[in-house]
2 protein chains.
Amino acid sequence: MQFATRVNKVMDSGLGALFAGAKENTISFAGGYPDPATFPQAAIDRAMRDELTARGDASLQYGGSSGAPDLRKWLAAQMTADGMPAAPDDILITQGAQQGIDLAARLFLEPGDGVVVEGPTYVGGLSAFDAYQPTYYEVPMTGDGMDLRALQKVLMQHSVKLIYTVPDFQNPTGVVMSEAKRRALVALANQYDVAIIEDSPYRWLRYSGSPIPPIKHFDTEGRVLFLGSFSKILAPGLRLGWLHAAPALMAALTALKGASDVESPHLNMNAVARYLTTNDFDQHLTQICDLYREKMTAMAEGLARALPACVHFDRPTGGFFLWLTFPEGFDAEAFMADHSLPDAHVAFVPSRILYASHQVKNAARLNFTSSTLTEIEAGTQALGAALTEALDATAKAASH
Amino acid sequence: MQFATRVNKVMDSGLGALFAGAKENTISFAGGYPDPATFPQAAIDRAMRDELTARGDASLQYGGSSGAPDLRKWLAAQMTADGMPAAPDDILITQGAQQGIDLAARLFLEPGDGVVVEGPTYVGGLSAFDAYQPTYYEVPMTGDGMDLRALQKVLMQHSVKLIYTVPDFQNPTGVVMSEAKRRALVALANQYDVAIIEDSPYRWLRYSGSPIPPIKHFDTEGRVLFLGSFSKILAPGLRLGWLHAAPALMAALTALKGASDVESPHLNMNAVARYLTTNDFDQHLTQICDLYREKMTAMAEGLARALPACVHFDRPTGGFFLWLTFPEGFDAEAFMADHSLPDAHVAFVPSRILYASHQVKNAARLNFTSSTLTEIEAGTQALGAALTEALDATAKAASH
C-alpha cells in the first residue's frame with residue numbers, strides 16, 4: 001500500500017518535532033489560540049438551547065452543502081457592510097477558514113500548477129496547498145504587504161493559478177497590506193488571469209488605526225475568494241468559517257464541499273446565526289479588541305525592555321502575532337532548541353517552517369493572545385535575557 | 001481562471017437536475033435522511049449544556065486534529081466490542097463518514113490510480129473519489145455482496161490501490177456481504193497489495209438476523225480502513241463520523257485531516273462523548289431499529305401489494321434502502337421524469353447515477369426511513385399503479 005506522493009509533503013511541516021523539547025512549565029508564545037476569556041460561553045449555551053427547542057429537528061438533520069441560510073444571510077449583510085457586496089448565495093459555510101483554502105486549492109490546482117505565497121506565510125496554508133502538489137513562488141513581505149515588484153516578476157516569468165495572501169494583520173508578521181497594494185494586486189490578477197485567496201481571519205481584530213477595504217472590495221472580475229472564520233472572533237470549537245466568492249465559482253465550490261464532507265454541522269451554524277442576531281456582536285468584538293490590545297501592548301513593552309537592540313520588531317495594529325527579526329546569520333530554531341526552551345522555558349515559532357522555501361532562519365513568530373499578562377511579562381523578560389546571552393556569545397565567538 | 005479537471009467530474013452527478021421536476025406534494029423515497037423522531041434532542045441538549053458548564057473553555061477551544069480523547073476512547077471500546085480491536089489512538093474523528101472517504105482517497109490516490117467500486121454504489125463515494133481522478137473498476141453486486149470472481153479478474157488485470165465497499169445494508173441495494181466473502185476479500189487485498197475502505201454507516205441498524213463481523217475483523221495486515229458515522233444513529237446535524245485504521249496509516253491520515261480543516265468541532269465531539277457515556281445508547285439503537293423495521297415492513301408490504309410481478313425486490317435486513325429491479329430495457333430515469341413525478345408524485349433515485357459506469361438503467365433505490373407510514377402506504381400504492389400502467393403500455397407497444 002503506497003501512499004500518494006502528496007502525503008510526504010503534507011507531513012513534512014516539522015511542527016511536532018520542534019516542540020518535543022517543551023516542558024510543563026514552558027511559557028508558550030508559539031500557538032495561535034484565542035484567549036478562552038473571549039468565548040461568550042453563556043450566550044452560546046443560550047443560543048444552542050433555544051435552537052434545539054425552536055427547531056431541533058431541522059438543526060439535527062441534514063440541511064445542504066451551502067450551509068444554513070440564516071448564517072449566510074447574516075454574513076452577506078456583514079460582508080456588504082465591510083465593502084464586499086454579497087447575497088446569501090455568494091456565501092459558502094466552511095469548516096473554518098482552513099477548509100476554504102482547501103476548497104480553493106481543489107477548485108483550481110492540478111499537480112505542478114503555480115501558487116504565489118507570501119514569505120513568510122501561514123503554515124497551515126502551505127499544508128493545505130501541499131495536498132495539491134503545487135509549484136510555489138515565494139514573494140517577500142515588506143512593511144505594507146507583499147513586494148509587488150517581485151510578484152510581477154513571478155507573474156511575467158511563470159504560469160500562476162493562485163495568489164495566497166493574508167492581508168490583515170498577517171500570520172505571522174502582523175503586517176497589513178496597504179490600500180494601494182490591494183488595488184494593484186487586483187490589477188495584476190486581472191492582467192495575468194490569476195485567482196486571489198484573501199485569507200482574513202483577523203480582519204475584525206484591529207487595535208489601532210482605521211480599517212482598509214478588503215482586497216475583494218477592488219475585485220472587478222470575480223477573482224477574489226474571501227475567507228473568514230469564527231475561530232478567532234467567537235470560538236474555534238464551533239469550527240465555522242465562510243467563503244465569499246463570485247457566482248461563477250459557487251456551484252463548483254459547493255459541489256467540492258459536498259464531496260469533501262457533505263456539509264458543515266447545521267446545529268452549529270443555526271446556533272451561531274441565532275447568537276449573532278440576538279446579541280450585540282459589535283460590542284463583543286470591542287471587548288476582544290480591548291483585551292488583545294492590552295496583551296499586545298504588554299508584549300511589545302516587555303520586548304522593548306528586554307530585547308537586545310539588534311533584534312527588531314514592529315508593534316502590530318491588530319491580529320494575533322508579533323514578528324521578531326534577528327541579526328543575519330542567527331538561527332532561531334537552534335536558539336529555541338538550545339537556549340529558549342531548556343533555559344528560558346519560552347516557546348515560539350522559528351521562521352524557517354513559515355517560508356515555502358524554508359530558507360529564512362533569523363526570525364520568529366510570537367503570539368500574544370493566549371498567554372496571561374503575567375506570562376507575557378515573565379516570558380518576554382526570560383526570552384530577552386536568553387537572547388542577550390546567546391547573541392553576546394555569538395559576538396564574542398566572532399571577535400576571537 | 002481555469003478550474004482543475006477534477007471539478008467537472010465532481011459536478012457531474014446529475015442529482016440536482018433529476019429532481020428539478022419534483023413538486024410540493026411529492027412523496028420522496030429519494031433521500032437518505034434519518035427520521036427526526038430518532039434524534040434524542042433533549043439528551044443532546046442536556047449533554048451540550050453540561051459540557052459547556054463543565055469545561056466550556058476546552059470545548060470551545062482548538063483541541064487537536066485527531067479529535068476529542070473522550071469520544072475516541074468510547075469509540076475504541078465500541079470497535080473492540082464489535083470485533084475490531086482498537087486503542088483510542090487508532091481512531092480519527094471525521095466530519096461524517098464522507099470525510100473518511102475523502103481522507104482515504106487523499107492518502108492513496110494519484111490521478112489515474114485504480115479504485116474498485118461496487119456496481120451500484122454510494123453516489124457520494126463516487127463524488128469523493130472523483131476529486132482524486134481515479135480509474136474506476138466496477139464490480140457487480142450479487143445477493144451476498146461484491147462478485148469476488150469479477151473482483152479477482154480486475155485485480156489480476158489492473159493496478160488497483162483501493163477497494164471501496166459498503167458491506168452492511170449497502171447503499172443502495174440493502175445487501176449484506178457474507179462472512180465468507182469478507183474473509184475472501186481480505187485475502188485478495190493481501191494478495192494484490194490493495195487497501196480496503198469499509199464504509200459502514202448502517203452497521204448498527206439491523207432489523208433481523210445476526211450481525212456478521214466487520215471486514216476489519218479479518219484484517220491481518222492493517223489494510224482495512226473502517227468508517228463509521230453518527231449521522232444515521234444519532235443526528236446528521238452534529239456532523240461526526242470516525243475512521244479506524246492501522247497505526248502505520250494514522251499519522252498520515254491525521255496530517256491530511258489537519259491540512260483539510262484543522263479538526264472537527266470539539267464542542268460537538270465532547271458533547272457527543274458525554275451523551276454516549278451518560279445515556280443508554282444500546283436502548284437508543286433498539287428504539288431506532290424498532291421504528292425503521294416497522295417502516296421497512298410497511299414499504300415491503302406496500303410494494304408487494306402494488307408492484308407488477310415483473311418488478312423484483314428483496315426485503316432488506318437493515319439500513320435505509322430497498323432496491324427495485326425492473327425488467328431489462330426499462331428506463332427508471334425516464335419513468336420517473338415522465339410518470340412517477342408528474343402522475344404518481346413519487347420520487348426515488350434511478351439507478352444510472354449509482355453506477356460508476358452509468359450503464360444500468362433498470363433499477364431504483366427507495367428510502368424508507370424519512371417518510372411517514374402514511375406516506376409509505378400512499379407512495380408505494382401510487383408508484384405501483386404508475387409502474388403497472390407504464391409496463392402495460394410498454395408491453396402493448398411491443399406486441400403491436
# chains A, B, ... in the order shown; residues from 1 in each chain; ligands from 1
$ calpha_fit_and_write --fixed "chain B" --moving "chain A" --output "CSV table (one decimal) with C-alpha atoms, in the first residue's frame"
chain,number,residue,atom,x,y,z
A,1,MET,CA,-9.2,31.3,-14.3
A,2,GLN,CA,-9.4,27.7,-15.4
A,3,PHE,CA,-10.9,25.1,-13.0
A,4,ALA,CA,-8.9,21.9,-12.3
A,5,THR,CA,-10.0,18.9,-14.4
A,6,ARG,CA,-11.4,17.2,-11.3
A,7,VAL,CA,-14.2,19.8,-11.0
A,8,ASN,CA,-16.2,18.7,-14.0
A,9,LYS,CA,-16.2,15.1,-12.7
A,10,VAL,CA,-17.4,16.2,-9.2
A,11,MET,CA,-20.1,18.4,-10.6
A,12,ASP,CA,-21.5,15.7,-13.0
A,13,SER,CA,-23.6,13.7,-10.5
A,14,GLY,CA,-26.7,14.9,-12.2
A,15,LEU,CA,-28.7,14.6,-8.9
A,16,GLY,CA,-29.9,18.2,-9.0
A,17,ALA,CA,-31.4,18.1,-12.4
A,18,LEU,CA,-33.0,14.8,-11.7
A,19,PHE,CA,-35.3,16.3,-9.0
A,20,ALA,CA,-36.0,19.6,-10.6
A,21,GLY,CA,-39.4,18.3,-11.6
A,22,ALA,CA,-40.5,17.4,-8.1
A,23,LYS,CA,-43.5,19.3,-6.8
A,24,GLU,CA,-44.6,20.4,-3.3
A,25,ASN,CA,-46.9,17.4,-2.8
A,26,THR,CA,-44.3,14.8,-3.9
A,27,ILE,CA,-43.7,11.8,-1.6
A,28,SER,CA,-40.0,11.4,-1.7
A,29,PHE,CA,-38.4,8.0,-1.3
A,30,ALA,CA,-35.3,9.6,-2.9
A,31,GLY,CA,-33.3,10.9,0.0
A,32,GLY,CA,-31.2,9.2,2.6
A,33,TYR,CA,-32.4,11.1,5.7
A,34,PRO,CA,-33.0,9.6,9.1
A,35,ASP,CA,-36.4,10.2,10.8
A,36,PRO,CA,-36.0,13.2,13.1
A,37,ALA,CA,-38.1,11.3,15.6
A,38,THR,CA,-34.9,9.3,16.3
A,39,PHE,CA,-32.9,12.3,17.3
A,40,PRO,CA,-32.5,12.3,21.1
A,41,GLN,CA,-33.0,16.0,21.2
A,42,ALA,CA,-33.4,16.5,25.0
A,43,ALA,CA,-30.4,14.3,25.8
A,44,ILE,CA,-28.2,16.1,23.3
A,45,ASP,CA,-29.4,19.5,24.7
A,46,ARG,CA,-28.5,18.2,28.2
A,47,ALA,CA,-25.1,17.0,27.1
A,48,MET,CA,-24.3,20.3,25.3
A,49,ARG,CA,-25.3,22.3,28.4
A,50,ASP,CA,-23.4,20.1,30.8
A,51,GLU,CA,-20.3,20.2,28.5
A,52,LEU,CA,-20.4,24.0,28.2
A,53,THR,CA,-20.8,24.2,32.0
A,54,ALA,CA,-18.2,21.6,33.0
A,55,ARG,CA,-15.4,22.5,30.5
A,56,GLY,CA,-16.7,25.2,28.1
A,57,ASP,CA,-13.2,26.7,27.7
A,58,ALA,CA,-11.8,23.4,26.4
A,59,SER,CA,-14.8,22.6,24.2
A,60,LEU,CA,-14.9,26.0,22.6
A,61,GLN,CA,-11.1,26.0,22.0
A,62,TYR,CA,-8.9,24.2,19.5
A,63,GLY,CA,-8.1,20.7,20.6
A,64,GLY,CA,-6.1,18.7,18.1
A,65,SER,CA,-6.7,17.1,14.7
A,66,SER,CA,-7.2,13.5,16.0
A,67,GLY,CA,-10.4,14.5,17.7
A,68,ALA,CA,-11.6,14.6,21.3
A,69,PRO,CA,-10.0,12.0,23.5
A,70,ASP,CA,-13.2,11.0,25.3
A,71,LEU,CA,-15.0,10.3,22.1
A,72,ARG,CA,-12.1,8.3,20.7
A,73,LYS,CA,-12.0,6.3,23.9
A,74,TRP,CA,-15.7,5.4,23.7
A,75,LEU,CA,-15.4,4.5,20.0
A,76,ALA,CA,-12.3,2.4,20.6
A,77,ALA,CA,-14.2,0.3,23.2
A,78,GLN,CA,-17.2,0.1,20.8
A,79,MET,CA,-15.0,-1.0,17.9
A,80,THR,CA,-13.3,-3.6,20.1
A,81,ALA,CA,-16.6,-5.0,21.3
A,82,ASP,CA,-17.7,-5.2,17.6
A,83,GLY,CA,-14.7,-7.3,16.7
A,84,MET,CA,-12.3,-4.6,15.6
A,85,PRO,CA,-9.8,-4.2,18.5
A,86,ALA,CA,-8.8,-0.6,18.8
A,87,ALA,CA,-7.0,1.8,21.1
A,88,PRO,CA,-8.1,5.4,21.1
A,89,ASP,CA,-5.1,6.3,19.0
A,90,ASP,CA,-6.4,4.1,16.2
A,91,ILE,CA,-9.5,6.3,15.9
A,92,LEU,CA,-9.6,9.6,13.9
A,93,ILE,CA,-12.8,11.7,14.3
A,94,THR,CA,-14.1,12.8,10.9
A,95,GLN,CA,-16.7,15.2,9.5
A,96,GLY,CA,-19.1,12.3,8.9
A,97,ALA,CA,-18.1,9.2,7.1
A,98,GLN,CA,-17.9,11.3,3.9
A,99,GLN,CA,-14.7,12.9,5.1
A,100,GLY,CA,-13.3,9.4,5.9
A,101,ILE,CA,-13.7,8.5,2.2
A,102,ASP,CA,-12.1,11.8,1.2
A,103,LEU,CA,-9.1,11.3,3.5
A,104,ALA,CA,-8.6,7.6,2.5
A,105,ALA,CA,-8.6,8.7,-1.2
A,106,ARG,CA,-6.2,11.6,-0.4
A,107,LEU,CA,-3.9,9.1,1.4
A,108,PHE,CA,-3.6,6.7,-1.5
A,109,LEU,CA,-4.6,8.1,-4.9
A,110,GLU,CA,-2.6,9.7,-7.6
A,111,PRO,CA,-4.5,10.7,-10.7
A,112,GLY,CA,-5.3,7.7,-12.8
A,113,ASP,CA,-4.9,5.1,-10.0
A,114,GLY,CA,-7.3,2.2,-9.9
A,115,VAL,CA,-10.2,2.1,-7.5
A,116,VAL,CA,-12.7,-0.8,-7.3
A,117,VAL,CA,-16.3,0.2,-6.6
A,118,GLU,CA,-19.4,-1.9,-6.3
A,119,GLY,CA,-22.0,-1.6,-9.0
A,120,PRO,CA,-24.2,0.0,-7.8
A,121,THR,CA,-22.5,2.0,-5.1
A,122,TYR,CA,-23.0,5.0,-2.8
A,123,VAL,CA,-23.1,8.1,-5.1
A,124,GLY,CA,-21.3,10.3,-2.5
A,125,GLY,CA,-18.4,7.8,-2.6
A,126,LEU,CA,-18.1,8.4,-6.3
A,127,SER,CA,-18.1,12.2,-5.7
A,128,ALA,CA,-15.4,11.9,-3.1
A,129,PHE,CA,-13.2,9.7,-5.3
A,130,ASP,CA,-13.9,11.9,-8.4
A,131,ALA,CA,-11.9,14.7,-6.8
A,132,TYR,CA,-8.8,12.5,-7.0
A,133,GLN,CA,-9.4,11.5,-10.6
A,134,PRO,CA,-9.1,7.7,-10.3
A,135,THR,CA,-9.7,5.0,-12.9
A,136,TYR,CA,-12.8,3.1,-11.8
A,137,TYR,CA,-13.3,-0.6,-12.0
A,138,GLU,CA,-16.9,-1.6,-11.3
A,139,VAL,CA,-17.5,-5.0,-9.7
A,140,PRO,CA,-21.2,-6.2,-9.8
A,141,MET,CA,-23.1,-6.7,-6.6
A,142,THR,CA,-24.8,-10.1,-6.0
A,143,GLY,CA,-27.2,-11.1,-3.3
A,144,ASP,CA,-24.4,-11.6,-0.7
A,145,GLY,CA,-22.1,-8.7,-1.7
A,146,MET,CA,-19.5,-8.0,-4.4
A,147,ASP,CA,-18.9,-10.6,-7.1
A,148,LEU,CA,-15.5,-11.8,-6.0
A,149,ARG,CA,-14.7,-13.6,-9.2
A,150,ALA,CA,-15.2,-10.4,-11.1
A,151,LEU,CA,-13.1,-8.6,-8.5
A,152,GLN,CA,-10.2,-11.1,-8.8
A,153,LYS,CA,-10.3,-10.7,-12.6
A,154,VAL,CA,-9.9,-6.9,-12.1
A,155,LEU,CA,-7.1,-7.3,-9.7
A,156,MET,CA,-5.2,-9.7,-12.0
A,157,GLN,CA,-5.5,-7.4,-15.0
A,158,HIS,CA,-5.2,-3.9,-13.5
A,159,SER,CA,-3.2,-2.0,-10.9
A,160,VAL,CA,-5.6,-1.2,-8.1
A,161,LYS,CA,-4.9,0.9,-5.0
A,162,LEU,CA,-8.3,0.9,-3.2
A,163,ILE,CA,-11.4,-1.3,-2.9
A,164,TYR,CA,-14.4,0.7,-1.7
A,165,THR,CA,-17.3,-1.3,-0.2
A,166,VAL,CA,-20.4,-0.8,1.9
A,167,PRO,CA,-20.7,-4.3,3.3
A,168,ASP,CA,-23.6,-3.7,5.8
A,169,PHE,CA,-27.0,-3.0,4.3
A,170,GLN,CA,-25.4,-1.5,1.3
A,171,ASN,CA,-26.4,1.9,0.0
A,172,PRO,CA,-28.2,1.5,-2.4
A,173,THR,CA,-29.1,-2.2,-2.6
A,174,GLY,CA,-29.5,-3.1,1.1
A,175,VAL,CA,-27.3,-6.2,0.6
A,176,VAL,CA,-25.1,-7.6,3.4
A,177,MET,CA,-21.8,-9.1,2.4
A,178,SER,CA,-21.5,-12.7,3.6
A,179,GLU,CA,-18.9,-13.6,6.2
A,180,ALA,CA,-17.1,-15.9,3.7
A,181,LYS,CA,-16.8,-13.0,1.2
A,182,ARG,CA,-15.4,-10.8,3.9
A,183,ARG,CA,-12.7,-13.3,4.6
A,184,ALA,CA,-12.0,-13.8,1.0
A,185,LEU,CA,-12.0,-10.1,0.3
A,186,VAL,CA,-9.2,-9.5,2.8
A,187,ALA,CA,-7.2,-12.4,1.4
A,188,LEU,CA,-7.5,-10.8,-2.1
A,189,ALA,CA,-6.4,-7.4,-0.7
A,190,ASN,CA,-3.4,-9.1,0.9
A,191,GLN,CA,-2.5,-11.0,-2.3
A,192,TYR,CA,-2.7,-7.9,-4.5
A,193,ASP,CA,-1.4,-5.3,-2.0
A,194,VAL,CA,-4.6,-3.2,-2.0
A,195,ALA,CA,-6.3,-1.1,0.7
A,196,ILE,CA,-10.0,-1.6,1.6
A,197,ILE,CA,-12.4,1.2,2.6
A,198,GLU,CA,-15.1,-0.5,4.7
A,199,ASP,CA,-17.8,2.2,4.7
A,200,SER,CA,-20.4,1.1,7.3
A,201,PRO,CA,-22.7,3.9,8.5
A,202,TYR,CA,-25.7,1.5,8.7
A,203,ARG,CA,-23.8,-1.3,10.6
A,204,TRP,CA,-25.7,-0.9,13.9
A,205,LEU,CA,-29.1,-0.7,12.2
A,206,ARG,CA,-30.0,-4.3,11.8
A,207,TYR,CA,-33.8,-5.3,11.8
A,208,SER,CA,-33.5,-9.1,11.6
A,209,GLY,CA,-30.9,-11.8,11.7
A,210,SER,CA,-27.5,-11.8,13.4
A,211,PRO,CA,-24.6,-9.4,12.9
A,212,ILE,CA,-21.6,-10.5,10.8
A,213,PRO,CA,-18.1,-9.5,11.9
A,214,PRO,CA,-16.8,-6.4,10.0
A,215,ILE,CA,-14.3,-6.9,7.2
A,216,LYS,CA,-11.8,-5.2,9.5
A,217,HIS,CA,-12.2,-8.2,11.9
A,218,PHE,CA,-10.4,-10.4,9.3
A,219,ASP,CA,-7.8,-7.8,8.6
A,220,THR,CA,-4.4,-9.3,9.2
A,221,GLU,CA,-2.1,-6.7,7.6
A,222,GLY,CA,-3.7,-3.3,8.5
A,223,ARG,CA,-5.3,-2.9,5.1
A,224,VAL,CA,-8.8,-2.1,6.1
A,225,LEU,CA,-10.0,1.5,6.9
A,226,PHE,CA,-13.3,1.2,8.7
A,227,LEU,CA,-15.6,4.2,8.5
A,228,GLY,CA,-18.4,4.9,10.9
A,229,SER,CA,-20.9,7.7,11.3
A,230,PHE,CA,-23.2,9.2,13.9
A,231,SER,CA,-25.4,10.7,11.1
A,232,LYS,CA,-27.7,7.7,10.9
A,233,ILE,CA,-27.6,6.6,14.6
A,234,LEU,CA,-27.6,9.9,16.4
A,235,ALA,CA,-28.1,13.1,14.3
A,236,PRO,CA,-26.6,14.3,10.9
A,237,GLY,CA,-26.6,17.9,12.1
A,238,LEU,CA,-23.7,17.1,14.5
A,239,ARG,CA,-21.5,16.0,11.5
A,240,LEU,CA,-19.5,13.4,13.3
A,241,GLY,CA,-18.0,10.2,12.0
A,242,TRP,CA,-14.9,8.2,12.6
A,243,LEU,CA,-12.2,6.3,10.9
A,244,HIS,CA,-10.5,3.2,12.4
A,245,ALA,CA,-7.2,2.4,10.8
A,246,ALA,CA,-3.8,0.8,11.5
A,247,PRO,CA,-1.1,2.8,13.4
A,248,ALA,CA,1.0,2.8,10.2
A,249,LEU,CA,-1.6,4.9,8.5
A,250,MET,CA,-2.8,7.1,11.3
A,251,ALA,CA,0.0,9.8,11.4
A,252,ALA,CA,-0.5,10.5,7.7
A,253,LEU,CA,-4.3,10.5,8.0
A,254,THR,CA,-4.2,12.9,10.9
A,255,ALA,CA,-1.9,15.3,9.0
A,256,LEU,CA,-4.2,15.1,6.0
A,257,LYS,CA,-7.2,15.9,8.2
A,258,GLY,CA,-5.3,18.9,9.7
A,259,ALA,CA,-4.5,20.2,6.3
A,260,SER,CA,-8.1,19.8,5.2
A,261,ASP,CA,-10.0,21.5,8.1
A,262,VAL,CA,-7.7,21.5,11.1
A,263,GLU,CA,-10.1,19.4,13.2
A,264,SER,CA,-13.7,18.6,13.9
A,265,PRO,CA,-15.7,20.7,16.3
A,266,HIS,CA,-14.6,19.9,19.8
A,267,LEU,CA,-17.8,21.1,21.3
A,268,ASN,CA,-19.7,18.5,19.2
A,269,MET,CA,-17.2,15.8,19.9
A,270,ASN,CA,-17.2,16.4,23.7
A,271,ALA,CA,-21.0,16.8,23.9
A,272,VAL,CA,-21.5,13.5,22.0
A,273,ALA,CA,-19.0,11.7,24.2
A,274,ARG,CA,-20.9,13.0,27.2
A,275,TYR,CA,-24.2,11.9,25.7
A,276,LEU,CA,-22.8,8.4,25.0
A,277,THR,CA,-21.4,7.9,28.5
A,278,THR,CA,-24.5,9.2,30.3
A,279,ASN,CA,-27.3,7.6,28.3
A,280,ASP,CA,-28.2,4.1,27.3
A,281,PHE,CA,-27.1,4.1,23.7
A,282,ASP,CA,-28.0,0.4,23.1
A,283,GLN,CA,-31.5,1.2,24.1
A,284,HIS,CA,-31.5,4.2,21.8
A,285,LEU,CA,-30.3,1.9,18.9
A,286,THR,CA,-33.0,-0.6,19.7
A,287,GLN,CA,-35.7,2.1,19.5
A,288,ILE,CA,-34.4,3.3,16.1
A,289,CYS,CA,-34.3,-0.3,14.8
A,290,ASP,CA,-37.9,-0.8,16.0
A,291,LEU,CA,-39.1,2.3,14.2
A,292,TYR,CA,-37.2,1.5,11.0
A,293,ARG,CA,-38.2,-2.1,11.0
A,294,GLU,CA,-41.8,-1.1,11.0
A,295,LYS,CA,-41.2,1.4,8.1
A,296,MET,CA,-39.2,-1.2,6.1
A,297,THR,CA,-42.0,-3.7,6.6
A,298,ALA,CA,-44.6,-1.2,5.6
A,299,MET,CA,-42.7,-0.4,2.4
A,300,ALA,CA,-42.0,-4.0,1.6
A,301,GLU,CA,-45.7,-5.0,2.1
A,302,GLY,CA,-47.0,-1.9,0.2
A,303,LEU,CA,-44.7,-2.8,-2.7
A,304,ALA,CA,-45.6,-6.4,-2.6
A,305,ARG,CA,-49.3,-5.4,-2.9
A,306,ALA,CA,-48.8,-2.8,-5.6
A,307,LEU,CA,-45.9,-3.7,-7.8
A,308,PRO,CA,-46.3,-5.7,-11.1
A,309,ALA,CA,-44.9,-9.2,-10.8
A,310,CYS,CA,-42.0,-8.4,-13.1
A,311,VAL,CA,-40.5,-5.8,-10.7
A,312,HIS,CA,-38.2,-7.5,-8.2
A,313,PHE,CA,-37.0,-6.6,-4.7
A,314,ASP,CA,-35.7,-8.3,-1.6
A,315,ARG,CA,-36.6,-7.3,1.9
A,316,PRO,CA,-33.6,-5.6,3.5
A,317,THR,CA,-32.5,-6.8,6.9
A,318,GLY,CA,-31.3,-3.4,8.0
A,319,GLY,CA,-30.2,0.0,6.8
A,320,PHE,CA,-32.1,2.7,4.9
A,321,PHE,CA,-32.8,1.4,1.4
A,322,LEU,CA,-34.7,-1.1,-0.7
A,323,TRP,CA,-33.7,-1.9,-4.2
A,324,LEU,CA,-36.1,-2.4,-7.1
A,325,THR,CA,-35.1,-4.2,-10.2
A,326,PHE,CA,-37.3,-3.6,-13.3
A,327,PRO,CA,-37.4,-5.7,-16.5
A,328,GLU,CA,-34.5,-5.4,-18.9
A,329,GLY,CA,-34.8,-2.4,-21.2
A,330,PHE,CA,-36.9,-0.4,-18.7
A,331,ASP,CA,-35.5,3.1,-18.1
A,332,ALA,CA,-36.1,4.1,-14.5
A,333,GLU,CA,-35.0,7.7,-15.1
A,334,ALA,CA,-37.4,8.3,-17.9
A,335,PHE,CA,-40.2,6.6,-15.9
A,336,MET,CA,-39.5,9.0,-13.0
A,337,ALA,CA,-39.5,12.1,-15.2
A,338,ASP,CA,-42.5,11.1,-17.4
A,339,HIS,CA,-44.7,9.2,-15.0
A,340,SER,CA,-43.6,8.9,-11.4
A,341,LEU,CA,-43.1,12.6,-10.6
A,342,PRO,CA,-45.9,14.2,-12.7
A,343,ASP,CA,-48.6,11.5,-12.2
A,344,ALA,CA,-47.8,9.5,-9.1
A,345,HIS,CA,-46.0,12.3,-7.3
A,346,VAL,CA,-43.4,9.9,-6.1
A,347,ALA,CA,-39.6,10.4,-6.2
A,348,PHE,CA,-36.8,7.8,-5.9
A,349,VAL,CA,-33.2,7.5,-7.1
A,350,PRO,CA,-33.0,5.9,-10.6
A,351,SER,CA,-30.0,3.5,-10.9
A,352,ARG,CA,-27.9,5.1,-13.6
A,353,ILE,CA,-26.1,7.6,-11.4
A,354,LEU,CA,-25.4,5.0,-8.8
A,355,TYR,CA,-23.0,3.1,-11.1
A,356,ALA,CA,-19.5,4.5,-11.9
A,357,SER,CA,-20.1,3.2,-15.4
A,358,HIS,CA,-23.5,4.9,-15.7
A,359,GLN,CA,-24.7,1.9,-17.6
A,360,VAL,CA,-27.5,0.3,-15.6
A,361,LYS,CA,-30.9,2.0,-16.1
A,362,ASN,CA,-33.5,-0.6,-15.0
A,363,ALA,CA,-33.3,-0.3,-11.2
A,364,ALA,CA,-34.1,2.2,-8.4
A,365,ARG,CA,-33.2,3.0,-4.8
A,366,LEU,CA,-36.1,3.6,-2.4
A,367,ASN,CA,-35.6,5.0,1.1
A,368,PHE,CA,-38.0,4.0,3.8
A,369,THR,CA,-36.6,5.9,6.9
A,370,SER,CA,-37.6,9.5,6.2
A,371,SER,CA,-41.2,9.1,5.2
A,372,THR,CA,-44.2,8.5,7.5
A,373,LEU,CA,-46.1,5.2,7.5
A,374,THR,CA,-49.0,7.0,5.8
A,375,GLU,CA,-46.6,8.4,3.1
A,376,ILE,CA,-45.1,4.9,2.6
A,377,GLU,CA,-48.5,3.4,2.1
A,378,ALA,CA,-49.8,6.1,-0.3
A,379,GLY,CA,-46.4,6.3,-2.1
A,380,THR,CA,-46.0,2.6,-2.7
A,381,GLN,CA,-49.6,2.4,-4.0
A,382,ALA,CA,-49.2,5.3,-6.3
A,383,LEU,CA,-45.8,4.1,-7.5
A,384,GLY,CA,-47.2,0.6,-8.1
A,385,ALA,CA,-50.1,1.9,-10.1
A,386,ALA,CA,-47.9,4.2,-12.3
A,387,LEU,CA,-45.4,1.3,-12.9
A,388,THR,CA,-48.2,-1.1,-13.8
A,389,GLU,CA,-49.5,1.4,-16.3
A,390,ALA,CA,-46.1,2.2,-17.8
A,391,LEU,CA,-45.1,-1.5,-18.1
A,392,ASP,CA,-48.5,-2.4,-19.6
A,393,ALA,CA,-48.0,0.4,-22.2
A,394,THR,CA,-44.5,-0.9,-23.0
A,395,ALA,CA,-45.9,-4.4,-23.3
A,396,LYS,CA,-48.7,-3.3,-25.6
A,397,ALA,CA,-46.3,-1.2,-27.7
A,398,ALA,CA,-44.0,-4.2,-28.0
A,399,SER,CA,-46.8,-6.6,-29.1
A,400,HIS,CA,-48.0,-4.3,-31.9
$ select_by_dssp --residues "stretch 213-384 of chain B" --states "strand (DSSP E)" --output "number ranges by chain"
B: 224-229, 241-244, 321-325, 346-347, 349-350, 363-367
$ select_by_dssp --residues "stretch 263-369 of chain A" --states "helix (DSSP H, G or I)" --output "ChimeraX atom specification"
/A:266-278,281-306,332-344,351-354
